[in-house]
$ cat data.cif   # mmCIF, C-alpha atoms
data_structure
#
loop_
_atom_site.label_atom_id
_atom_site.label_comp_id
_atom_site.auth_asym_id
_atom_site.auth_seq_id
_atom_site.Cartn_x
_atom_site.Cartn_y
_atom_site.Cartn_z
CA MET C 17 16.98 -6.15 -38.57
CA VAL C 18 16.83 -7.54 -35.03
CA ASP C 19 15.07 -10.90 -34.66
CA LEU C 20 12.81 -10.87 -31.59
CA PHE C 21 14.68 -13.61 -29.76
CA ASP C 22 18.13 -13.14 -31.31
CA PHE C 23 19.62 -10.85 -28.68
CA GLU C 24 21.16 -11.12 -25.27
CA ARG C 25 21.07 -7.57 -23.96
CA MET C 26 18.38 -5.00 -23.52
CA ARG C 27 18.46 -1.24 -23.09
CA PRO C 28 16.75 0.04 -19.93
CA ALA C 29 13.09 1.00 -20.10
CA THR C 30 12.37 4.64 -19.43
CA GLY C 31 9.32 6.84 -18.95
CA GLY C 32 6.29 5.50 -20.74
CA ASP C 33 7.76 2.02 -21.24
CA ARG C 34 8.29 1.65 -17.51
CA THR C 35 4.74 2.80 -16.85
CA PHE C 36 3.46 0.37 -19.47
CA LEU C 37 5.19 -2.55 -17.71
CA PHE C 38 3.75 -1.47 -14.35
CA VAL C 39 0.29 -1.34 -15.97
CA ALA C 40 0.86 -4.83 -17.41
CA GLY C 41 1.69 -6.08 -13.93
CA ALA C 42 -1.43 -4.43 -12.49
CA PHE C 43 -3.53 -5.98 -15.29
CA ASN C 44 -2.28 -9.43 -14.31
CA PHE C 45 -2.93 -8.87 -10.60
CA THR C 46 -6.45 -7.65 -11.37
CA ALA C 47 -7.20 -10.48 -13.81
CA ALA C 48 -6.06 -13.08 -11.27
CA LEU C 49 -8.25 -11.54 -8.56
CA ILE C 50 -11.27 -11.39 -10.87
CA LEU C 51 -10.77 -15.02 -11.88
CA VAL C 52 -10.43 -16.31 -8.31
CA VAL C 53 -13.43 -14.33 -7.02
CA LEU C 54 -15.77 -15.02 -9.93
CA ALA C 55 -14.90 -18.72 -10.08
CA ARG C 56 -16.19 -19.00 -6.52
CA LEU C 57 -19.00 -16.43 -6.30
CA ALA C 58 -20.37 -16.03 -9.83
CA PRO C 59 -19.03 -18.67 -12.23
CA GLN C 60 -21.94 -17.98 -14.58
CA LEU C 61 -20.29 -14.62 -15.39
CA LEU C 62 -17.30 -16.59 -16.66
CA GLY C 63 -19.65 -18.81 -18.64
CA VAL C 64 -18.76 -21.95 -16.70
CA ASP C 65 -20.64 -24.30 -14.41
CA PRO C 66 -20.05 -24.01 -10.65
CA LEU C 67 -16.71 -25.56 -9.79
CA SER C 68 -16.03 -28.15 -7.10
CA SER C 69 -13.25 -27.73 -4.55
CA SER C 70 -11.12 -30.20 -6.47
CA GLN C 71 -11.52 -28.07 -9.62
CA LEU C 72 -10.88 -24.75 -7.88
CA ILE C 73 -7.29 -25.75 -7.17
CA TYR C 74 -6.59 -25.41 -10.91
CA VAL C 75 -8.12 -21.95 -10.95
CA ASP C 76 -5.94 -20.99 -7.98
CA LEU C 77 -2.80 -22.45 -9.55
CA PHE C 78 -3.46 -20.59 -12.79
CA ALA C 79 -4.12 -17.37 -10.86
CA LEU C 80 -0.83 -17.84 -9.00
CA LEU C 81 0.97 -18.20 -12.33
CA VAL C 82 -0.74 -15.03 -13.61
CA VAL C 83 0.39 -13.16 -10.47
CA GLY C 84 3.93 -14.50 -10.93
CA PHE C 85 4.04 -13.11 -14.45
CA GLY C 86 2.61 -9.83 -13.15
CA ILE C 87 5.53 -9.64 -10.74
CA GLY C 88 7.88 -10.31 -13.67
CA TYR C 89 6.36 -7.46 -15.69
CA THR C 90 6.67 -5.14 -12.70
CA LEU C 91 10.32 -6.16 -12.28
CA GLY C 92 10.79 -5.46 -15.99
CA GLY C 93 9.54 -1.93 -15.32
CA VAL C 94 12.15 -1.56 -12.61
CA ASP C 95 15.05 -3.07 -14.61
CA LEU C 96 14.22 -4.20 -18.16
CA ALA C 97 17.86 -4.96 -18.95
CA ARG C 98 17.84 -7.58 -16.19
CA PHE C 99 14.27 -8.95 -16.32
CA TRP C 100 13.48 -8.91 -20.06
CA PRO C 101 13.14 -12.74 -20.21
CA PHE C 102 9.90 -12.42 -18.21
CA ILE C 103 8.55 -10.14 -20.91
CA SER C 104 9.60 -12.58 -23.65
CA LEU C 105 7.83 -15.43 -21.87
CA GLY C 106 4.85 -13.12 -21.42
CA VAL C 107 4.52 -12.76 -25.19
CA VAL C 108 4.10 -16.50 -25.56
CA GLY C 109 1.86 -16.85 -22.50
CA LYS C 110 -0.45 -13.96 -23.32
CA ALA C 111 -0.82 -14.98 -26.96
CA GLY C 112 -1.58 -18.53 -25.82
CA VAL C 113 -4.18 -17.39 -23.30
CA ALA C 114 -5.88 -15.27 -25.96
CA ALA C 115 -5.94 -18.14 -28.45
CA ILE C 116 -7.27 -20.67 -25.93
CA ALA C 117 -9.96 -18.28 -24.68
CA LEU C 118 -11.08 -17.59 -28.24
CA VAL C 119 -11.33 -21.31 -29.06
CA TYR C 120 -13.32 -21.98 -25.88
CA PHE C 121 -15.65 -19.07 -26.61
CA VAL C 122 -16.24 -20.06 -30.24
CA THR C 123 -17.06 -23.62 -29.16
CA GLY C 124 -19.49 -22.34 -26.50
CA ASN C 125 -17.44 -23.46 -23.50
CA THR C 126 -16.86 -20.08 -21.87
CA GLY C 127 -18.47 -16.67 -21.62
CA LEU C 128 -17.83 -13.29 -23.17
CA LEU C 129 -16.08 -11.93 -20.05
CA VAL C 130 -13.28 -14.48 -20.46
CA VAL C 131 -12.77 -13.41 -24.08
CA LEU C 132 -12.76 -9.74 -23.09
CA LEU C 133 -10.08 -10.33 -20.45
CA ALA C 134 -8.11 -12.45 -22.91
CA SER C 135 -8.32 -9.75 -25.57
CA GLY C 136 -6.35 -7.60 -23.15
CA ASP C 137 -3.73 -10.34 -23.13
CA ALA C 138 -3.61 -10.29 -26.94
CA VAL C 139 -3.01 -6.54 -26.92
CA PHE C 140 -0.29 -6.86 -24.30
CA ALA C 141 1.41 -9.63 -26.32
CA VAL C 142 1.68 -7.35 -29.35
CA LEU C 143 2.86 -4.41 -27.25
CA PHE C 144 5.44 -6.60 -25.49
CA VAL C 145 6.90 -7.58 -28.87
CA ARG C 146 7.13 -3.92 -29.84
CA LEU C 147 8.78 -3.04 -26.52
CA LEU C 148 11.34 -5.83 -26.78
CA ARG C 149 12.22 -4.95 -30.36
CA ALA C 150 12.58 -1.26 -29.47
CA HIS C 151 14.94 -1.98 -26.58
CA ALA C 152 16.96 -4.88 -28.03
CA ARG C 153 20.68 -4.61 -28.42
CA ALA C 154 21.89 -6.98 -31.10
#

$ encode --input "data.cif" --output "structure tokens"
Amino acid sequence: MVDLFDFERMRPATGGDRTFLFVAGAFNFTAALILVVLARLAPQLLGVDPLSSSQLIYVDLFALLVVGFGIGYTLGGVDLARFWPFISLGVVGKAGVAAIALVYFVTGNTGLLVVLLASGDAVFAVLFVRLLRAHARA
């Protein structure tokens, strides 16, 4: 049995796995855009109070990080054997985002839209684990 993080090499992604990684990248680009736009124009849809300029910098920094990971997933679609560490980090990041969003929602500090977007992250985290395990070379 191959432990998820107990490998150094990865077989190339082909066909559907490549498409999946491109879709994951597009999901991140779209989520970042939605976050940046709604934080400014309709924060109530996110379930948060209007943000000041000094608070929006954190939204923008987070969105930049989300875009950076999206680029990593896209690169993984191009060459998984080379860029698989981005996907491994994505598992941790996406699972963390989903958990944080759920806690904030349950405590009444964010809206349903945030949880819906984060549920996509939870699904991608699980699918990333499956992809990495399927392509791992022990």

$ atom_distance --input "data.cif" --atom1 "CA of Ala114 in chain C" --atom2 "CA of Thr35 in chain C"
22.9 Å

$ atom_distance --input "data.cif" --atom1 "CA of Arg98 in chain C" --atom2 "CA of Leu80 in chain C"
22.5 Å

$ residues_around --input "data.cif" --residues "Leu133 in chain C" --least-positions-apart "5" --cutoff "12 Å" --atoms "only C-alpha atoms" --output "number ranges by chain"
C: 43-44, 46-48, 50-51, 62, 110, 113-115, 117-118, 126-128, 138-140

$ closest_residue --input "data.cif" --among "C:Val130, C:Ile103, C:Ala152, C:Leu54" --to "Ile116 in chain C" --atoms "all atoms listed in the file"
C:Val130

$ atom_distance --input "data.cif" --atom1 "CA of Ile73 in chain C" --atom2 "CA of Val53 in chain C"
13.0 Å

$ closest_residue --input "data.cif" --among "C:Leu105, C:Val83, C:Ala42, C:Val64" --to "Asn125 in chain C" --atoms "all atoms listed in the file"
C:Val64

$ axis_aligned_box --input "data.cif" --around "range 113-132 of chain C" --padding-each-side "5 Å" --output "AutoDock Vina command-line options"
--center_x -11.8 --center_y -16.7 --center_z -25.1 --size_x 25.3 --size_y 23.9 --size_z 20.2

$ residues_around --input "data.cif" --residues "Leu96 in chain C" --least-positions-apart "4" --cutoff "12 Å" --atoms "only C-alpha atoms" --output "JSON, numbers by chain"
{"C": [25, 26, 27, 28, 29, 30, 33, 34, 35, 36, 37, 38, 88, 89, 90, 91, 92, 100, 101, 102, 103, 104, 144, 147, 148, 150, 151, 152]}

$ closest_residue --input "data.cif" --among "C:Gly124, C:Gly112, C:Gly31, C:Gly41" --to "Gly86 in chain C" --atoms "only C-alpha atoms"
C:Gly41

$ closest_residue --input "data.cif" --among "C:Val52, C:Val142, C:Ala58, C:Leu132" --to "Phe78 in chain C" --atoms "only C-alpha atoms"
C:Val52

$ build_atoms --input "data.cif" --residues "range 124-142 of chain C" --atoms "N, CA, C and O atoms" --output "PDB file, in the frame of the given file"
ATOM      1  N   GLY C 124     -18.412 -22.456 -27.487  1.00  0.00           N
ATOM      2  CA  GLY C 124     -19.490 -22.340 -26.500  1.00  0.00           C
ATOM      3  C   GLY C 124     -19.142 -22.839 -25.117  1.00  0.00           C
ATOM      4  O   GLY C 124     -20.037 -23.119 -24.318  1.00  0.00           O
ATOM      5  N   ASN C 125     -17.858 -22.919 -24.799  1.00  0.00           N
ATOM      6  CA  ASN C 125     -17.440 -23.460 -23.500  1.00  0.00           C
ATOM      7  C   ASN C 125     -17.020 -22.422 -22.484  1.00  0.00           C
ATOM      8  O   ASN C 125     -16.573 -22.779 -21.397  1.00  0.00           O
ATOM      9  N   THR C 126     -17.138 -21.146 -22.823  1.00  0.00           N
ATOM     10  CA  THR C 126     -16.860 -20.080 -21.870  1.00  0.00           C
ATOM     11  C   THR C 126     -17.646 -18.848 -22.273  1.00  0.00           C
ATOM     12  O   THR C 126     -18.190 -18.780 -23.373  1.00  0.00           O
ATOM     13  N   GLY C 127     -17.669 -17.867 -21.374  1.00  0.00           N
ATOM     14  CA  GLY C 127     -18.470 -16.670 -21.620  1.00  0.00           C
ATOM     15  C   GLY C 127     -17.677 -15.521 -22.215  1.00  0.00           C
ATOM     16  O   GLY C 127     -16.450 -15.560 -22.349  1.00  0.00           O
ATOM     17  N   LEU C 128     -18.404 -14.469 -22.538  1.00  0.00           N
ATOM     18  CA  LEU C 128     -17.830 -13.290 -23.170  1.00  0.00           C
ATOM     19  C   LEU C 128     -16.800 -12.596 -22.266  1.00  0.00           C
ATOM     20  O   LEU C 128     -15.800 -12.075 -22.761  1.00  0.00           O
ATOM     21  N   LEU C 129     -17.017 -12.599 -20.960  1.00  0.00           N
ATOM     22  CA  LEU C 129     -16.080 -11.930 -20.050  1.00  0.00           C
ATOM     23  C   LEU C 129     -14.674 -12.527 -20.168  1.00  0.00           C
ATOM     24  O   LEU C 129     -13.684 -11.793 -20.150  1.00  0.00           O
ATOM     25  N   VAL C 130     -14.586 -13.827 -20.320  1.00  0.00           N
ATOM     26  CA  VAL C 130     -13.280 -14.480 -20.460  1.00  0.00           C
ATOM     27  C   VAL C 130     -12.587 -13.991 -21.733  1.00  0.00           C
ATOM     28  O   VAL C 130     -11.392 -13.688 -21.727  1.00  0.00           O
ATOM     29  N   VAL C 131     -13.344 -13.884 -22.819  1.00  0.00           N
ATOM     30  CA  VAL C 131     -12.770 -13.410 -24.080  1.00  0.00           C
ATOM     31  C   VAL C 131     -12.346 -11.952 -23.962  1.00  0.00           C
ATOM     32  O   VAL C 131     -11.300 -11.560 -24.485  1.00  0.00           O
ATOM     33  N   LEU C 132     -13.131 -11.154 -23.273  1.00  0.00           N
ATOM     34  CA  LEU C 132     -12.760  -9.740 -23.090  1.00  0.00           C
ATOM     35  C   LEU C 132     -11.472  -9.603 -22.300  1.00  0.00           C
ATOM     36  O   LEU C 132     -10.593  -8.817 -22.668  1.00  0.00           O
ATOM     37  N   LEU C 133     -11.338 -10.360 -21.210  1.00  0.00           N
ATOM     38  CA  LEU C 133     -10.080 -10.330 -20.450  1.00  0.00           C
ATOM     39  C   LEU C 133      -8.924 -10.830 -21.316  1.00  0.00           C
ATOM     40  O   LEU C 133      -7.837 -10.244 -21.312  1.00  0.00           O
ATOM     41  N   ALA C 134      -9.168 -11.894 -22.066  1.00  0.00           N
ATOM     42  CA  ALA C 134      -8.110 -12.450 -22.910  1.00  0.00           C
ATOM     43  C   ALA C 134      -7.737 -11.533 -24.066  1.00  0.00           C
ATOM     44  O   ALA C 134      -6.604 -11.560 -24.542  1.00  0.00           O
ATOM     45  N   SER C 135      -8.671 -10.707 -24.514  1.00  0.00           N
ATOM     46  CA  SER C 135      -8.320  -9.750 -25.570  1.00  0.00           C
ATOM     47  C   SER C 135      -7.305  -8.743 -25.050  1.00  0.00           C
ATOM     48  O   SER C 135      -6.445  -8.275 -25.797  1.00  0.00           O
ATOM     49  N   GLY C 136      -7.382  -8.427 -23.768  1.00  0.00           N
ATOM     50  CA  GLY C 136      -6.350  -7.600 -23.150  1.00  0.00           C
ATOM     51  C   GLY C 136      -4.992  -8.282 -23.219  1.00  0.00           C
ATOM     52  O   GLY C 136      -3.970  -7.645 -23.489  1.00  0.00           O
ATOM     53  N   ASP C 137      -4.980  -9.588 -23.010  1.00  0.00           N
ATOM     54  CA  ASP C 137      -3.730 -10.340 -23.130  1.00  0.00           C
ATOM     55  C   ASP C 137      -3.186 -10.276 -24.547  1.00  0.00           C
ATOM     56  O   ASP C 137      -1.975 -10.138 -24.744  1.00  0.00           O
ATOM     57  N   ALA C 138      -4.057 -10.371 -25.540  1.00  0.00           N
ATOM     58  CA  ALA C 138      -3.610 -10.290 -26.940  1.00  0.00           C
ATOM     59  C   ALA C 138      -2.962  -8.939 -27.220  1.00  0.00           C
ATOM     60  O   ALA C 138      -1.906  -8.870 -27.860  1.00  0.00           O
ATOM     61  N   VAL C 139      -3.575  -7.881 -26.728  1.00  0.00           N
ATOM     62  CA  VAL C 139      -3.010  -6.540 -26.920  1.00  0.00           C
ATOM     63  C   VAL C 139      -1.652  -6.426 -26.238  1.00  0.00           C
ATOM     64  O   VAL C 139      -0.683  -5.917 -26.820  1.00  0.00           O
ATOM     65  N   PHE C 140      -1.570  -6.910 -25.003  1.00  0.00           N
ATOM     66  CA  PHE C 140      -0.290  -6.860 -24.300  1.00  0.00           C
ATOM     67  C   PHE C 140       0.779  -7.677 -25.023  1.00  0.00           C
ATOM     68  O   PHE C 140       1.944  -7.268 -25.064  1.00  0.00           O
ATOM     69  N   ALA C 141       0.432  -8.814 -25.595  1.00  0.00           N
ATOM     70  CA  ALA C 141       1.410  -9.630 -26.320  1.00  0.00           C
ATOM     71  C   ALA C 141       2.024  -8.832 -27.469  1.00  0.00           C
ATOM     72  O   ALA C 141       3.250  -8.803 -27.644  1.00  0.00           O
ATOM     73  N   VAL C 142       1.189  -8.168 -28.222  1.00  0.00           N
ATOM     74  CA  VAL C 142       1.680  -7.350 -29.350  1.00  0.00           C
ATOM     75  C   VAL C 142       2.549  -6.209 -28.838  1.00  0.00           C
ATOM     76  O   VAL C 142       3.636  -5.939 -29.370  1.00  0.00           O
TER      77      VAL C 142
END
